[in-house]
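Peer 1: Next up is a structure, given as structure tokens.
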Amino acid sequence: MAKKKARGAKPDNRLTKKEMINRVVRLFNACPKEAMNYKQVSAEIGATSQVNKLMVAGILNDLAEEEYLAEIDRGKYKLNGLGTLAVGKFERRSNGKNSFVPEDGGNPLFVAERNSMHAMNGDKVKVQILAKRKGLTPEAEVIEILERYRTTIVGIIEIGKYQAFLLTDSKILANDIFIPKDKLKGAKDGQKALVKIIEWPDKANNPIGEVVDVLGDVGNNQTEMHAILAEFGLPYKYPENVEKAASKIPTKITSEDIRLREDFRDVTTFTIDPKDAKDFDDALSFGKLKNGNWEVGVHIADVTHYVKAGSIIDKEAAQRATSVYLVDRTIPMLPESLSNGLCSLRPNEDKLCYSVIFELTDSAEVKKHRIVKTIINSNRRFSYEEAQEIIETGLLSAEKQNGDPTTDAILSLDRLAKILRGKRFKDGAINFDRYEVKFDIDENGKPLRVFFKEAKDSNKLIEEFMLLANRYVAEFIGKVPQGKKAKTFVYRVHDLPNPEKLANFSEFIRRFGYKLKDKGKDAEIAKSINQLLDDVQGKKEQTMIETLAIRSMAKATYTTQNIGHYGLSFKYYTHFTSPIRRYPDMMVHRLLERYLSGGRSVNESQTEDECKHSSDMESLATSAERTSIKYKQVEFMSEKIGMVFDGVISGVTEWGLYVELSENACEGMVPIRELVDDYYEFDEKTYSLIGKRKKQRYSLGQPLRIKVARANLERRQLDFTLA
């Protein structure tokens with residue numbers, strides 16, 4: 001019988017009935033297959049007196065009446081409810097609060113460490129659902145690990161005289177990893193390393209691992225950025241064999257390539273991108289038609305002309321699914337010879353594109369459109385700042401002007417984009433225009449300045465025409481005559497807000513004096529959200545309310561099942577415009593080419609699996625990006641210890657206050673132990689900490705003056721005290 005006696009138990013005469021019930025429940029959950037009588041149970045839970053033994057007998061009878069236990073023989077009890085099996089994802093937490101998330105979308109179940117089979121975070125597992133007592137969290141026991149998600153962990157190597165460990169500061173693993181000395185791969189004491197768990201014996205507290213890669217010295221910028229990528233299971237090196245394959249792709253554009261395409265090389269064409277960008281995957285062309293309408297071409301790099309399905313380059317791109325943008329670097333989905341060279345729409349070079357050509361009236365009404373393969377030659381590249389200067393002043397600095405036709409094109413396209421944007425919001429699109437946190441960084445990766453970057457008209461110009469192309473491509477495949485079924489396609493969808501989340505958000509903002517319509521037609525709710533976002537502009541609670549508004553929304557994902565895009569108010573939407581950095585766009589290009597040439601519909605199940613993988617990788621990439629921002633913010637603030645800043649309370653928990661600094665959006669915590677003037681209790685209803693004696697209240701959105709106390713780079717954590 002594999003049972004454990006309760007540790008640190010109170011003496012028998014001090015056991016309360018409630019504690020005895022809890023011990024009995026824990027015992028049967030730990031030994032779900034064992035049958036025990038009251039004497040065996042009493043011995044296991046430390047109930048030695050005759051009075052308490054009789055109490056145990058009564059508890060067993062009560063639990064059997066509740067159907068938590070089953071009496072399988074006279075006086076012998078066993079956990080009831082075994083036999084209910086489920087498959088899903090295991091979520092490991094270092095605080096022991098592991099959970100099982102059923103793949104059919106049911107509620108998560110608690111999994112005690114003793115019932116985890118040492119499953120790792122993200123593993124696909126089969127569980128047995130344990131009997132549930134009224135009022136208690138339902139539990140499950142892992143009975144089989146079906147599929148390992150990831151077995152690598154980042155940490156710091158500690159080498160002793162006889163043994164070595166990887167010290168983890170992971171939110172998903174509380175145990176350090178034992179590493180045999182012959183598995184260190186040259187790692188030195190104190191270095192960061194990526195370690196693979198190779199075994200975790202049943203009765204061992206620590207898993208056994210081997211070093212996969214030595215990341216470098218702690219605090220080194222390259223080490224820390226690679227560590228962030230490795231932490232999320234993202235690649236930080238490009239395989240040499242894939243780069244070699246890319247270098248062998250023929251670069252010459254043949255006469256046959258040109259013959260099969262529409263030639264736009266003599267049409268005014270340009271790109272607008274960030275000033276430090278090298279991967280230009282979209283360009284705009286602009287011209288006047290004889291009937292007085294405008295012809296606008298959205299030209300997208302024809303990546304799939306060069307990257308063939310099933311090739312070594314394609315397989316690597318499919319696995320990565322997206323480029324990853326950290327604070328100081330881009331980890332490209334495609335080899336740089338393609339992303340920054342062959343496929344990049346650089347100026348004054350002939351480039352192959354997949355394009356959507358629109359005929360627009362002066363009031364931005366789409367009269368016609370066609371999806372075609374093209375060849376272009378971009379007249380010039382603009383940074384967003386240069387395009388913005390043209391929009392604001394009507395021209396670039398005199399020395400840059402020289403009668404460039406692209407200047408008039410930018411001004412006309414800006415006017416059309418603003419009309420398109422206005423129509424979108426009128427139709428119910430939500431205006432989530434938020435600032436980005438950016439850094440000025442020196443050659444060693446050290447942050448010198450933190451600043452906010454807002455989307456300006458030049459950004460919105462490009463965004464509007466990319467949205468238009470994505471929408472019309474999705475409509476072309478998805479919009480079919482009634483009674484006909486659309487062919488399998490990749491859609492970018494955004495579900496309606498969760499009604500419960502929206503109602504909670506509406507209730508919360510009322511205390512700040514704001515109103516939100518959380519019931520009614522979709523367009524009415526969207527209009528109400530837009531009004532709220534307008535109303536909070538410039539207010540102290542702006543960031544907090546914008547963040548909570550986004551959290552009340554569903555996440556946009558890739559799928560073959562079109563449900564429309566709520567945030568954009570489009571019935572059909574896809575991603576077509578960024579194949580250099582997103583794999584779903586490459587999938588869309590291939591599907592378009594197949595269907596335009598009369599091909600049959602592809603396998604829906606396989607395409608859905610590829611969509612799910614792309615959504616998952618996008619989520620990981622976003623998490624890695626945010627983590628790199630957090631790391632650089634802590635690094636930046638580490639030189640500001642003792643300095644005083646103004647901020648706003650951005651989060652309230654029972655362990656303290658999160659405060660976001662107004663000057664640079666760096667967030668840190670005022671631990672509750674620092675609030676020394678009173679004993680503070682957390683009020684869940686109002687998201688406040690309230691002093692018991694003086695009734696001082698700290699609430700979300702409240703301005704606060706703080707002093708920087710500590711900066712822990714390893715944990716990416718800032719600690720503040722009240723100034």
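Chains: A, B, ... in order of the structure tokens. Residues: from 1 per chain. Ligands: from 1, in order shown.
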Could you list, as an NGL selection string, every residue within 12 Å of A:Ala556, counting only C-alpha atoms and ignoring same-chain residues fewer than 6 positions away?

Peer 2: :A and (491-497 or 550 or 562-568 or 573-575 or 611-612 or 614-616 or 618-619)

Peer 1: Can you write just those residues out, C-alpha atoms, as a PDB file, in the first residue's frame?

Peer 2:
ATOM      1  CA  TYR A 491      -9.136  32.567 -41.938  1.00  0.00           C
ATOM      2  CA  ARG A 492      -8.040  35.045 -39.311  1.00  0.00           C
ATOM      3  CA  VAL A 493     -10.988  35.150 -36.928  1.00  0.00           C
ATOM      4  CA  HIS A 494     -11.903  37.147 -33.837  1.00  0.00           C
ATOM      5  CA  ASP A 495     -14.837  35.893 -31.783  1.00  0.00           C
ATOM      6  CA  LEU A 496     -17.438  38.004 -29.994  1.00  0.00           C
ATOM      7  CA  PRO A 497     -16.481  39.168 -26.482  1.00  0.00           C
ATOM      8  CA  ILE A 550      -8.437  44.134 -24.411  1.00  0.00           C
ATOM      9  CA  ASN A 562     -14.885  31.259 -40.608  1.00  0.00           C
ATOM     10  CA  ILE A 563     -16.786  33.142 -37.893  1.00  0.00           C
ATOM     11  CA  GLY A 564     -15.712  36.613 -39.013  1.00  0.00           C
ATOM     12  CA  HIS A 565     -13.489  39.174 -37.317  1.00  0.00           C
ATOM     13  CA  TYR A 566     -15.396  41.061 -34.608  1.00  0.00           C
ATOM     14  CA  GLY A 567     -12.670  43.637 -33.859  1.00  0.00           C
ATOM     15  CA  LEU A 568     -12.400  44.683 -37.514  1.00  0.00           C
ATOM     16  CA  TYR A 573     -10.734  38.111 -43.136  1.00  0.00           C
ATOM     17  CA  THR A 574      -7.398  36.361 -43.635  1.00  0.00           C
ATOM     18  CA  HIS A 575      -3.663  37.095 -43.552  1.00  0.00           C
ATOM     19  CA  CYS A 611      -3.724  26.802 -38.276  1.00  0.00           C
ATOM     20  CA  LYS A 612      -3.692  25.757 -34.617  1.00  0.00           C
ATOM     21  CA  SER A 614       0.450  28.870 -36.151  1.00  0.00           C
ATOM     22  CA  SER A 615      -1.868  30.335 -33.482  1.00  0.00           C
ATOM     23  CA  ASP A 616       0.115  28.603 -30.724  1.00  0.00           C
ATOM     24  CA  GLU A 618       2.109  33.370 -32.454  1.00  0.00           C
ATOM     25  CA  SER A 619       1.105  33.297 -28.786  1.00  0.00           C
TER      26      SER A 619
END

Peer 1: Taking the DSSP assignment computed from this structure's backbone, write out as a ChimeraX atom specification all residues of stretch 185-356 of chain A that belong to helix (DSSP H, G or I).

Peer 2: /A:221-231,240-247,255-259,303-306,312-320,336-342

Peer 1: Need the shell around A:Glu71: protein/DNA/RNA residues with any atom at most 9 Å away, counting only C-alpha atoms. Skip same-chain ones fewer than 5 positions apart. Format as a PyMOL selection string?

Peer 2: chain A and resi 35+60-61+64+76-80

Peer 1: With C-alpha atoms retained, could you export that selection as an mmCIF file, in the first residue's frame?

Peer 2:
data_model
loop_
_atom_site.group_PDB
_atom_site.id
_atom_site.type_symbol
_atom_site.label_atom_id
_atom_site.label_comp_id
_atom_site.auth_asym_id
_atom_site.auth_seq_id
_atom_site.Cartn_x
_atom_site.Cartn_y
_atom_site.Cartn_z
ATOM 1 C CA ALA A 35 -9.597 -0.138 -0.207
ATOM 2 C CA LEU A 60 -16.153 7.104 6.290
ATOM 3 C CA ASN A 61 -19.868 6.380 6.526
ATOM 4 C CA ALA A 64 -20.004 6.994 1.451
ATOM 5 C CA LYS A 76 -14.050 -1.390 3.550
ATOM 6 C CA TYR A 77 -14.079 1.821 1.554
ATOM 7 C CA LYS A 78 -12.558 2.933 -1.758
ATOM 8 C CA LEU A 79 -12.605 6.189 -3.731
ATOM 9 C CA ASN A 80 -15.766 6.363 -5.827
#

Peer 1: So which residues touch A:Thr547 within 12 Å, counting only C-alpha atoms, skipping near sequence neighbours fewer than 5 positions away, as a CSV table (one decimal) with N, CA and C atoms, in the first residue's frame?

Peer 2:
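And here is the file that came out, result-v6.csv:
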chain,number,residue,atom,x,y,z
A,432,PHE,N,-8.6,50.0,-31.3
A,432,PHE,CA,-7.6,49.7,-30.3
A,432,PHE,C,-6.3,50.3,-30.8
A,433,ASP,N,-6.1,51.6,-30.8
A,433,ASP,CA,-4.9,52.2,-31.1
A,433,ASP,C,-4.1,52.5,-29.8
A,434,ARG,N,-3.1,51.6,-29.5
A,434,ARG,CA,-2.3,51.8,-28.3
A,434,ARG,C,-0.9,52.1,-28.6
A,435,TYR,N,-0.2,52.7,-27.7
A,435,TYR,CA,1.2,53.0,-27.9
A,435,TYR,C,2.0,51.7,-27.7
A,505,PHE,N,-16.4,43.7,-16.8
A,505,PHE,CA,-15.7,44.9,-17.1
A,505,PHE,C,-16.5,46.1,-17.0
A,533,LEU,N,-13.1,54.1,-25.1
A,533,LEU,CA,-11.7,54.3,-25.4
A,533,LEU,C,-11.4,55.8,-25.7
A,536,VAL,N,-11.4,57.8,-22.2
A,536,VAL,CA,-10.4,57.7,-21.2
A,536,VAL,C,-9.0,58.3,-21.7
A,541,GLU,N,-6.4,56.8,-15.6
A,541,GLU,CA,-6.8,55.4,-15.6
A,541,GLU,C,-6.8,54.8,-17.0
A,542,GLN,N,-6.3,55.6,-18.0
A,542,GLN,CA,-6.3,55.2,-19.4
A,542,GLN,C,-5.7,53.9,-19.7
A,552,SER,N,-11.0,41.7,-22.0
A,552,SER,CA,-12.4,41.3,-22.0
A,552,SER,C,-12.7,40.7,-23.4
A,553,MET,N,-11.8,41.0,-24.4
A,553,MET,CA,-12.0,40.5,-25.8
A,553,MET,C,-11.5,39.1,-26.0
A,650,SER,N,-1.7,49.7,-11.3
A,650,SER,CA,-2.2,49.0,-12.5
A,650,SER,C,-2.7,47.6,-12.1
A,651,GLY,N,-2.5,47.2,-10.8
A,651,GLY,CA,-2.9,45.9,-10.4
A,651,GLY,C,-3.0,45.9,-8.9
A,701,GLY,N,-6.0,52.2,-10.7
A,701,GLY,CA,-6.1,53.5,-11.4
A,701,GLY,C,-5.7,54.7,-10.5

Peer 1: For a quick check of understanding, using only C-alpha atoms, which of A:Thr622, A:Ile331, A:Phe280, A:Val218 has the smallest distance to A:Leu345?

Peer 2: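 Going through A:Thr622, A:Ile331, A:Phe280, A:Val218 one by one, the smallest distance to A:Leu345 is for A:Phe280.
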
Peer 1: Considering only C-alpha atoms, state which residue in the set A:Tyr472, A:Glu608, A:Ile441, A:Gln537 is at the smallest distance from A:Ile357.

Peer 2: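 Going through A:Tyr472, A:Glu608, A:Ile441, A:Gln537 one by one, the smallest distance to A:Ile357 is for A:Tyr472.
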
Peer 1: Using only C-alpha atoms, which of the listed residues (A:Asn603, A:Gln702, A:Thr686, A:Ser170) sits closest to A:Asp646?

Peer 2: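 Closest to A:Asp646, using only C-alpha atoms: A:Gln702.
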
Peer 1: With distances taken over only C-alpha atoms, which of A:Glu654, A:Asp414, A:Glu240, A:Glu316 is nearest to A:Leu461?

Peer 2: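 Answer, going by the shortest atom-to-atom distance: A:Asp414.
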
Peer 1: I'd like the contact shell of stretch 366-369 of chain A - 7 Å cut-off, only C-alpha atoms, skipping same-chain residues fewer than 4 positions apart - returned as JSON, numbers by chain.

Peer 2: {"A": [356, 357, 358, 359, 360, 361]}

Peer 1: Mind checking which residues fall within 6 Å of A:Leu166, counting only C-alpha atoms, ignoring those fewer than 3 positions away in the same chain, and posting them as an MDAnalysis selection string?

Peer 2: chainID A and resid 155:157 176:177

Peer 1: Near A:Leu27, counting only C-alpha atoms, which residues have an atom at most 12 Å away, once you skip same-chain residues fewer than 3 positions from it, shown as a ChimeraX atom specification?

Peer 2: /A:1-6,20-24,30-36,40-46,60,69,77-79,112,114-115

Peer 1: Give me, as a PyMOL selection string, the residues of stretch 107-329 of chain A that a backbone DSSP run labels strand (DSSP E).

Peer 2: chain A and resi 109-111+124-129+140-147+152-159+164-167+177-179+191-199+208-217+262-263+269-273+282-288+294-301+324-326+329

Peer 1: Would you write out those residues with C-alpha atoms, as a PDB file, in the first residue's frame?

Peer 2:
ATOM      1  CA  LEU A 109      -9.200  20.091 -12.697  1.00  0.00           C
ATOM      2  CA  PHE A 110      -6.628  20.296  -9.897  1.00  0.00           C
ATOM      3  CA  VAL A 111      -3.809  17.715 -10.048  1.00  0.00           C
ATOM      4  CA  LYS A 124      -0.868  15.840 -23.470  1.00  0.00           C
ATOM      5  CA  VAL A 125      -2.079  13.448 -20.756  1.00  0.00           C
ATOM      6  CA  LYS A 126      -4.808  10.982 -19.932  1.00  0.00           C
ATOM      7  CA  VAL A 127      -6.308  11.411 -16.459  1.00  0.00           C
ATOM      8  CA  GLN A 128      -8.677   9.614 -14.180  1.00  0.00           C
ATOM      9  CA  ILE A 129     -11.185  12.042 -12.675  1.00  0.00           C
ATOM     10  CA  ALA A 140      -7.701  14.341 -11.345  1.00  0.00           C
ATOM     11  CA  GLU A 141      -4.862  11.824 -11.417  1.00  0.00           C
ATOM     12  CA  VAL A 142      -2.549  11.492 -14.427  1.00  0.00           C
ATOM     13  CA  ILE A 143      -2.509   7.857 -15.527  1.00  0.00           C
ATOM     14  CA  GLU A 144      -0.640   8.219 -18.838  1.00  0.00           C
ATOM     15  CA  ILE A 145       1.548  10.807 -20.579  1.00  0.00           C
ATOM     16  CA  LEU A 146       0.408  10.630 -24.210  1.00  0.00           C
ATOM     17  CA  GLU A 147       2.645  13.244 -25.782  1.00  0.00           C
ATOM     18  CA  THR A 152      13.836  21.677 -21.914  1.00  0.00           C
ATOM     19  CA  ILE A 153      14.320  24.192 -19.113  1.00  0.00           C
ATOM     20  CA  VAL A 154      16.531  27.294 -18.829  1.00  0.00           C
ATOM     21  CA  GLY A 155      18.469  27.943 -15.638  1.00  0.00           C
ATOM     22  CA  ILE A 156      21.842  28.563 -14.007  1.00  0.00           C
ATOM     23  CA  ILE A 157      24.417  25.793 -13.646  1.00  0.00           C
ATOM     24  CA  GLU A 158      25.720  25.080 -10.137  1.00  0.00           C
ATOM     25  CA  ILE A 159      28.655  22.667 -10.002  1.00  0.00           C
ATOM     26  CA  ALA A 164      25.851  19.463 -10.604  1.00  0.00           C
ATOM     27  CA  PHE A 165      22.402  21.020 -10.783  1.00  0.00           C
ATOM     28  CA  LEU A 166      20.465  23.400 -12.984  1.00  0.00           C
ATOM     29  CA  LEU A 167      18.954  25.991 -10.630  1.00  0.00           C
ATOM     30  CA  ILE A 177      17.466  19.478 -12.160  1.00  0.00           C
ATOM     31  CA  PHE A 178      20.257  17.025 -11.309  1.00  0.00           C
ATOM     32  CA  ILE A 179      22.904  16.854 -14.053  1.00  0.00           C
ATOM     33  CA  GLN A 191      26.535  30.044 -16.541  1.00  0.00           C
ATOM     34  CA  LYS A 192      23.077  29.949 -18.077  1.00  0.00           C
ATOM     35  CA  ALA A 193      22.237  26.773 -19.952  1.00  0.00           C
ATOM     36  CA  LEU A 194      19.407  25.005 -21.725  1.00  0.00           C
ATOM     37  CA  VAL A 195      18.876  21.575 -20.172  1.00  0.00           C
ATOM     38  CA  LYS A 196      16.799  18.653 -21.399  1.00  0.00           C
ATOM     39  CA  ILE A 197      15.077  16.430 -18.834  1.00  0.00           C
ATOM     40  CA  ILE A 198      15.998  12.854 -19.757  1.00  0.00           C
ATOM     41  CA  GLU A 199      14.468  11.028 -16.791  1.00  0.00           C
ATOM     42  CA  ILE A 208      17.720  14.179 -14.213  1.00  0.00           C
ATOM     43  CA  GLY A 209      18.894  16.222 -17.185  1.00  0.00           C
ATOM     44  CA  GLU A 210      21.646  16.903 -19.670  1.00  0.00           C
ATOM     45  CA  VAL A 211      22.896  20.215 -21.053  1.00  0.00           C
ATOM     46  CA  VAL A 212      21.651  20.818 -24.595  1.00  0.00           C
ATOM     47  CA  ASP A 213      23.329  24.197 -25.075  1.00  0.00           C
ATOM     48  CA  VAL A 214      25.428  26.593 -23.024  1.00  0.00           C
ATOM     49  CA  LEU A 215      23.817  30.034 -23.412  1.00  0.00           C
ATOM     50  CA  GLY A 216      26.616  32.044 -21.782  1.00  0.00           C
ATOM     51  CA  ASP A 217      27.330  34.265 -18.801  1.00  0.00           C
ATOM     52  CA  GLU A 262       1.163  41.535 -65.006  1.00  0.00           C
ATOM     53  CA  ASP A 263       3.996  44.032 -65.384  1.00  0.00           C
ATOM     54  CA  THR A 269       5.405  52.054 -56.548  1.00  0.00           C
ATOM     55  CA  PHE A 270       6.953  52.421 -53.090  1.00  0.00           C
ATOM     56  CA  THR A 271       7.318  50.797 -49.674  1.00  0.00           C
ATOM     57  CA  ILE A 272       6.766  52.344 -46.228  1.00  0.00           C
ATOM     58  CA  ASP A 273       8.366  50.514 -43.296  1.00  0.00           C
ATOM     59  CA  ASP A 282       4.543  44.809 -49.032  1.00  0.00           C
ATOM     60  CA  ALA A 283       4.520  47.697 -51.512  1.00  0.00           C
ATOM     61  CA  LEU A 284       1.820  50.027 -52.850  1.00  0.00           C
ATOM     62  CA  SER A 285       1.405  51.186 -56.434  1.00  0.00           C
ATOM     63  CA  PHE A 286      -0.782  54.127 -57.418  1.00  0.00           C
ATOM     64  CA  GLY A 287      -2.122  55.566 -60.638  1.00  0.00           C
ATOM     65  CA  LYS A 288      -5.071  57.356 -62.279  1.00  0.00           C
ATOM     66  CA  TRP A 294      -7.759  55.355 -58.908  1.00  0.00           C
ATOM     67  CA  GLU A 295      -5.866  52.089 -59.334  1.00  0.00           C
ATOM     68  CA  VAL A 296      -4.214  50.989 -56.103  1.00  0.00           C
ATOM     69  CA  GLY A 297      -2.016  47.887 -56.123  1.00  0.00           C
ATOM     70  CA  VAL A 298      -1.222  46.036 -52.902  1.00  0.00           C
ATOM     71  CA  HIS A 299       1.888  44.064 -53.873  1.00  0.00           C
ATOM     72  CA  ILE A 300       3.103  41.262 -51.611  1.00  0.00           C
ATOM     73  CA  ALA A 301       6.402  39.399 -51.923  1.00  0.00           C
ATOM     74  CA  VAL A 324       9.878  36.800 -33.465  1.00  0.00           C
ATOM     75  CA  TYR A 325      10.529  40.448 -32.594  1.00  0.00           C
ATOM     76  CA  LEU A 326      12.479  40.999 -29.385  1.00  0.00           C
ATOM     77  CA  ARG A 329      16.592  41.797 -32.704  1.00  0.00           C
TER      78      ARG A 329
END

Peer 1: Point out the residue among A:Tyr679, A:Gly520, A:Leu420, A:Met587 with the least atom-to-atom distance to A:Lys308, counting only C-alpha atoms.

Peer 2: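 Going through A:Tyr679, A:Gly520, A:Leu420, A:Met587 one by one, the smallest distance to A:Lys308 is for A:Met587.
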
Peer 1: To one decimal place in Å, what is the distance between atom CA of A:Glu139 and atom CA of A:Lys501?

Peer 2: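 So the two atoms, atom CA of A:Glu139 and atom CA of A:Lys501, lie 25.7 Å apart.
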
Peer 1: I need the residue nearest A:Asn175 from this list: A:Tyr595, A:Phe682, A:Trp200, A:Tyr572. Use only C-alpha atoms for the distance.

Peer 2: A:Trp200
